[in-house]
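> Dropping the structure in here first, questions after.
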Amino acid sequence: MSVSDTPVLETARVRLRQFEASDVEAFARICADPETMRYIGDGHVFDLVETWRAVALLLGHWELRGYGTWAVEERATGALVGRIGLHNPEGWPGLEVGWLLDRSRWGRGYATEGAAAAVDYAWRELGADRLISLIQPANARSIRVAERLGERHDGDVVLNGQLARVYAVDRPAAPDHGV
């Protein structure tokens, strides 16, 4: 699947859609907040140039893998409020479902709602058998989101010099209807 074929996922309150050039400034404002970026990689904030590169990486992931991370749009306002999606670059420990939201939208359930749509997409469209989320141990908010998605702590990894907890969930078993 190419970037131009990216599906749009809609939930009650958020729309997951492809990133567009017009999103870079709004996403840069999100990525410039130290508290929002605290548990992302080494915690440094992104300027406009770094954000542009990050969006280019997200778009390239769609081209190379056929799936990736969506821009998160708040349906009520049309505002870009973050990113949610599926990530598995070369050398990654597995197919990851991840999220990053504007701090002004924390605590509203958007991460869980959008990530659940991404998880469902991974099961239905990609045929994934297992999903992970890589979360720094002190990131209690993201751990709660992972647990709401059915993920459980399944070990630790060091990735790019940072300790991350691996939260994982296996594909639900198909219902046995008997024959």
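Chain labels A, B, ... are given in the sequence in which chains occur in the structure tokens; within each chain residues are numbered consecutively from 1, and ligands are likewise numbered from 1 in the order shown.
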As a PyMOL selection string, list the residues of stretch 61-157 of chain A assigned to alpha helix (DSSP H) by DSSP on the backbone atoms of this structure.

chain A and resi 61-65+110-124+140-148

> Those residues with N, CA and C atoms, as a PDB file, in the first residue's frame please?


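So the final result, stored in again.pdb, reads:
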ATOM      1  N   HIS A  61       7.414   5.028   6.011  1.00  0.00           N
ATOM      2  CA  HIS A  61       7.059   3.730   6.591  1.00  0.00           C
ATOM      3  C   HIS A  61       5.879   3.125   5.840  1.00  0.00           C
ATOM      4  N   TRP A  62       4.888   3.954   5.495  1.00  0.00           N
ATOM      5  CA  TRP A  62       3.741   3.471   4.710  1.00  0.00           C
ATOM      6  C   TRP A  62       4.212   2.916   3.372  1.00  0.00           C
ATOM      7  N   GLU A  63       5.125   3.608   2.731  1.00  0.00           N
ATOM      8  CA  GLU A  63       5.623   3.164   1.426  1.00  0.00           C
ATOM      9  C   GLU A  63       6.400   1.855   1.531  1.00  0.00           C
ATOM     10  N   LEU A  64       7.234   1.729   2.555  1.00  0.00           N
ATOM     11  CA  LEU A  64       8.103   0.558   2.673  1.00  0.00           C
ATOM     12  C   LEU A  64       7.411  -0.656   3.283  1.00  0.00           C
ATOM     13  N   ARG A  65       6.495  -0.437   4.220  1.00  0.00           N
ATOM     14  CA  ARG A  65       5.851  -1.549   4.923  1.00  0.00           C
ATOM     15  C   ARG A  65       4.402  -1.794   4.492  1.00  0.00           C
ATOM     16  N   TYR A 110      -8.661   9.525  24.042  1.00  0.00           N
ATOM     17  CA  TYR A 110      -8.360   9.507  22.606  1.00  0.00           C
ATOM     18  C   TYR A 110      -7.280   8.485  22.252  1.00  0.00           C
ATOM     19  N   ALA A 111      -6.252   8.361  23.095  1.00  0.00           N
ATOM     20  CA  ALA A 111      -5.170   7.409  22.800  1.00  0.00           C
ATOM     21  C   ALA A 111      -5.716   5.987  22.763  1.00  0.00           C
ATOM     22  N   THR A 112      -6.509   5.636  23.754  1.00  0.00           N
ATOM     23  CA  THR A 112      -7.077   4.291  23.793  1.00  0.00           C
ATOM     24  C   THR A 112      -8.026   4.065  22.618  1.00  0.00           C
ATOM     25  N   GLU A 113      -8.864   5.028  22.338  1.00  0.00           N
ATOM     26  CA  GLU A 113      -9.841   4.912  21.250  1.00  0.00           C
ATOM     27  C   GLU A 113      -9.154   4.758  19.891  1.00  0.00           C
ATOM     28  N   GLY A 114      -8.187   5.620  19.627  1.00  0.00           N
ATOM     29  CA  GLY A 114      -7.478   5.554  18.353  1.00  0.00           C
ATOM     30  C   GLY A 114      -6.593   4.325  18.243  1.00  0.00           C
ATOM     31  N   ALA A 115      -5.898   3.986  19.329  1.00  0.00           N
ATOM     32  CA  ALA A 115      -5.026   2.810  19.304  1.00  0.00           C
ATOM     33  C   ALA A 115      -5.841   1.530  19.143  1.00  0.00           C
ATOM     34  N   ALA A 116      -7.024   1.476  19.735  1.00  0.00           N
ATOM     35  CA  ALA A 116      -7.882   0.294  19.562  1.00  0.00           C
ATOM     36  C   ALA A 116      -8.267   0.131  18.087  1.00  0.00           C
ATOM     37  N   ALA A 117      -8.509   1.232  17.398  1.00  0.00           N
ATOM     38  CA  ALA A 117      -8.814   1.162  15.958  1.00  0.00           C
ATOM     39  C   ALA A 117      -7.602   0.658  15.183  1.00  0.00           C
ATOM     40  N   ALA A 118      -6.405   1.099  15.566  1.00  0.00           N
ATOM     41  CA  ALA A 118      -5.180   0.630  14.909  1.00  0.00           C
ATOM     42  C   ALA A 118      -4.949  -0.853  15.181  1.00  0.00           C
ATOM     43  N   VAL A 119      -5.220  -1.298  16.411  1.00  0.00           N
ATOM     44  CA  VAL A 119      -5.080  -2.716  16.759  1.00  0.00           C
ATOM     45  C   VAL A 119      -6.045  -3.550  15.925  1.00  0.00           C
ATOM     46  N   ASP A 120      -7.285  -3.111  15.839  1.00  0.00           N
ATOM     47  CA  ASP A 120      -8.274  -3.828  15.039  1.00  0.00           C
ATOM     48  C   ASP A 120      -7.829  -3.908  13.578  1.00  0.00           C
ATOM     49  N   TYR A 121      -7.288  -2.810  13.056  1.00  0.00           N
ATOM     50  CA  TYR A 121      -6.776  -2.794  11.686  1.00  0.00           C
ATOM     51  C   TYR A 121      -5.650  -3.821  11.526  1.00  0.00           C
ATOM     52  N   ALA A 122      -4.751  -3.892  12.490  1.00  0.00           N
ATOM     53  CA  ALA A 122      -3.633  -4.846  12.420  1.00  0.00           C
ATOM     54  C   ALA A 122      -4.140  -6.285  12.399  1.00  0.00           C
ATOM     55  N   TRP A 123      -5.148  -6.591  13.196  1.00  0.00           N
ATOM     56  CA  TRP A 123      -5.705  -7.955  13.201  1.00  0.00           C
ATOM     57  C   TRP A 123      -6.411  -8.244  11.873  1.00  0.00           C
ATOM     58  N   ARG A 124      -7.315  -7.340  11.479  1.00  0.00           N
ATOM     59  CA  ARG A 124      -8.159  -7.581  10.300  1.00  0.00           C
ATOM     60  C   ARG A 124      -7.417  -7.479   8.975  1.00  0.00           C
ATOM     61  N   ALA A 140       3.537   6.088  33.203  1.00  0.00           N
ATOM     62  CA  ALA A 140       2.333   5.435  33.747  1.00  0.00           C
ATOM     63  C   ALA A 140       1.110   5.628  32.858  1.00  0.00           C
ATOM     64  N   ARG A 141       0.961   6.796  32.234  1.00  0.00           N
ATOM     65  CA  ARG A 141      -0.208   7.040  31.371  1.00  0.00           C
ATOM     66  C   ARG A 141      -0.225   6.075  30.189  1.00  0.00           C
ATOM     67  N   SER A 142       0.918   5.901  29.523  1.00  0.00           N
ATOM     68  CA  SER A 142       0.958   4.994  28.374  1.00  0.00           C
ATOM     69  C   SER A 142       0.823   3.540  28.803  1.00  0.00           C
ATOM     70  N   ILE A 143       1.339   3.209  29.970  1.00  0.00           N
ATOM     71  CA  ILE A 143       1.156   1.839  30.478  1.00  0.00           C
ATOM     72  C   ILE A 143      -0.333   1.557  30.664  1.00  0.00           C
ATOM     73  N   ARG A 144      -1.080   2.525  31.182  1.00  0.00           N
ATOM     74  CA  ARG A 144      -2.529   2.331  31.352  1.00  0.00           C
ATOM     75  C   ARG A 144      -3.227   2.156  30.002  1.00  0.00           C
ATOM     76  N   VAL A 145      -2.813   2.925  28.985  1.00  0.00           N
ATOM     77  CA  VAL A 145      -3.401   2.761  27.651  1.00  0.00           C
ATOM     78  C   VAL A 145      -3.110   1.348  27.147  1.00  0.00           C
ATOM     79  N   ALA A 146      -1.863   0.906  27.247  1.00  0.00           N
ATOM     80  CA  ALA A 146      -1.487  -0.437  26.796  1.00  0.00           C
ATOM     81  C   ALA A 146      -2.333  -1.503  27.491  1.00  0.00           C
ATOM     82  N   GLU A 147      -2.508  -1.354  28.777  1.00  0.00           N
ATOM     83  CA  GLU A 147      -3.308  -2.337  29.525  1.00  0.00           C
ATOM     84  C   GLU A 147      -4.769  -2.307  29.091  1.00  0.00           C
ATOM     85  N   ARG A 148      -5.305  -1.133  28.783  1.00  0.00           N
ATOM     86  CA  ARG A 148      -6.683  -1.055  28.277  1.00  0.00           C
ATOM     87  C   ARG A 148      -6.824  -1.759  26.932  1.00  0.00           C
TER      88      ARG A 148
END

> When you look at stretch 23-37 of chain A with a cut-off of 6 Å (counting only C-alpha atoms), what residues show up, excluding the ones that are within fewer than 6 positions of it in the same chain? I need them as a compact mmCIF listing (two decimals) with C-alpha atoms, in the first residue's frame.


# COMPACT_ATOMS: atom_id res chain seq x y z
CA GLY A 43 12.93 13.01 25.55
CA VAL A 45 11.71 18.22 21.84
CA PHE A 46 11.53 18.61 18.07
CA LEU A 48 10.08 22.43 12.87
CA THR A 51 9.22 17.45 12.92
CA ASP A 102 -1.10 16.80 22.35
CA ARG A 103 -0.98 17.27 26.11

> Determine which residues of stretch 10-128 of chain A DSSP labels as strand (DSSP E) from the backbone of this structure, then write them out as a list of chain:residue names.

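Of stretch 10-128 of chain A, the ones in strand (DSSP E) are A:Glu10, A:Val14, A:Arg15, A:Leu16, A:Arg17, A:Thr69, A:Trp70, A:Ala71, A:Val72, A:Glu73, A:Glu74, A:Leu80, A:Val81, A:Gly82, A:Arg83, A:Ile84, A:Gly85, A:Leu86, A:His87, A:Glu96, A:Val97, A:Gly98, A:Trp99, A:Leu100, A:Leu101.
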
> Keeping only C-alpha atoms, write the selected residues to a file as a compact mmCIF listing (two decimals), in the first residue's frame.


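out30.txt was written with the following content:
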# COMPACT_ATOMS: atom_id res chain seq x y z
CA GLU A 10 -12.90 6.72 12.19
CA VAL A 14 -11.13 10.78 16.31
CA ARG A 15 -10.25 10.30 12.66
CA LEU A 16 -7.00 8.54 11.79
CA ARG A 17 -5.82 9.78 8.41
CA THR A 69 1.18 5.77 11.64
CA TRP A 70 -1.81 8.02 11.09
CA ALA A 71 -2.33 11.67 11.92
CA VAL A 72 -5.00 11.97 14.61
CA GLU A 73 -7.69 14.51 13.94
CA GLU A 74 -10.25 15.42 16.56
CA LEU A 80 -4.61 17.72 14.49
CA VAL A 81 -4.03 16.31 17.99
CA GLY A 82 -1.23 13.76 17.50
CA ARG A 83 -0.25 10.49 15.89
CA ILE A 84 -1.34 6.88 16.39
CA GLY A 85 -0.44 3.82 14.43
CA LEU A 86 1.66 0.83 13.60
CA HIS A 87 5.44 0.95 13.53
CA GLU A 96 4.32 -1.86 17.53
CA VAL A 97 1.14 0.07 18.15
CA GLY A 98 2.07 3.53 19.42
CA TRP A 99 0.56 6.89 20.22
CA LEU A 100 1.58 10.48 20.92
CA LEU A 101 -1.07 13.09 21.67

> Would you kindly return, as a ChimeraX atom specification, each protein, DNA or RNA residue with an atom no farther than 8 Å from any atom of stretch 169-173 of chain A, considering only C-alpha atoms and excluding same-chain residues fewer than 4 positions away?

/A:123,128-132,150-152

> With C-alpha atoms retained, could you export that selection as a short mmCIF file (atom, residue, chain, number, x, y, z; two decimals), in the first residue's frame?


data_model
loop_
_atom_site.label_atom_id
_atom_site.label_comp_id
_atom_site.auth_asym_id
_atom_site.auth_seq_id
_atom_site.Cartn_x
_atom_site.Cartn_y
_atom_site.Cartn_z
CA TRP A 123 -5.70 -7.96 13.20
CA ALA A 128 -0.91 -9.71 12.62
CA ASP A 129 -0.54 -12.37 15.29
CA ARG A 130 1.08 -10.20 17.98
CA LEU A 131 1.40 -6.51 18.75
CA ILE A 132 3.70 -4.72 21.14
CA GLY A 150 -5.17 -5.89 26.53
CA GLU A 151 -1.38 -5.66 26.50
CA ARG A 152 0.64 -7.06 29.38
#
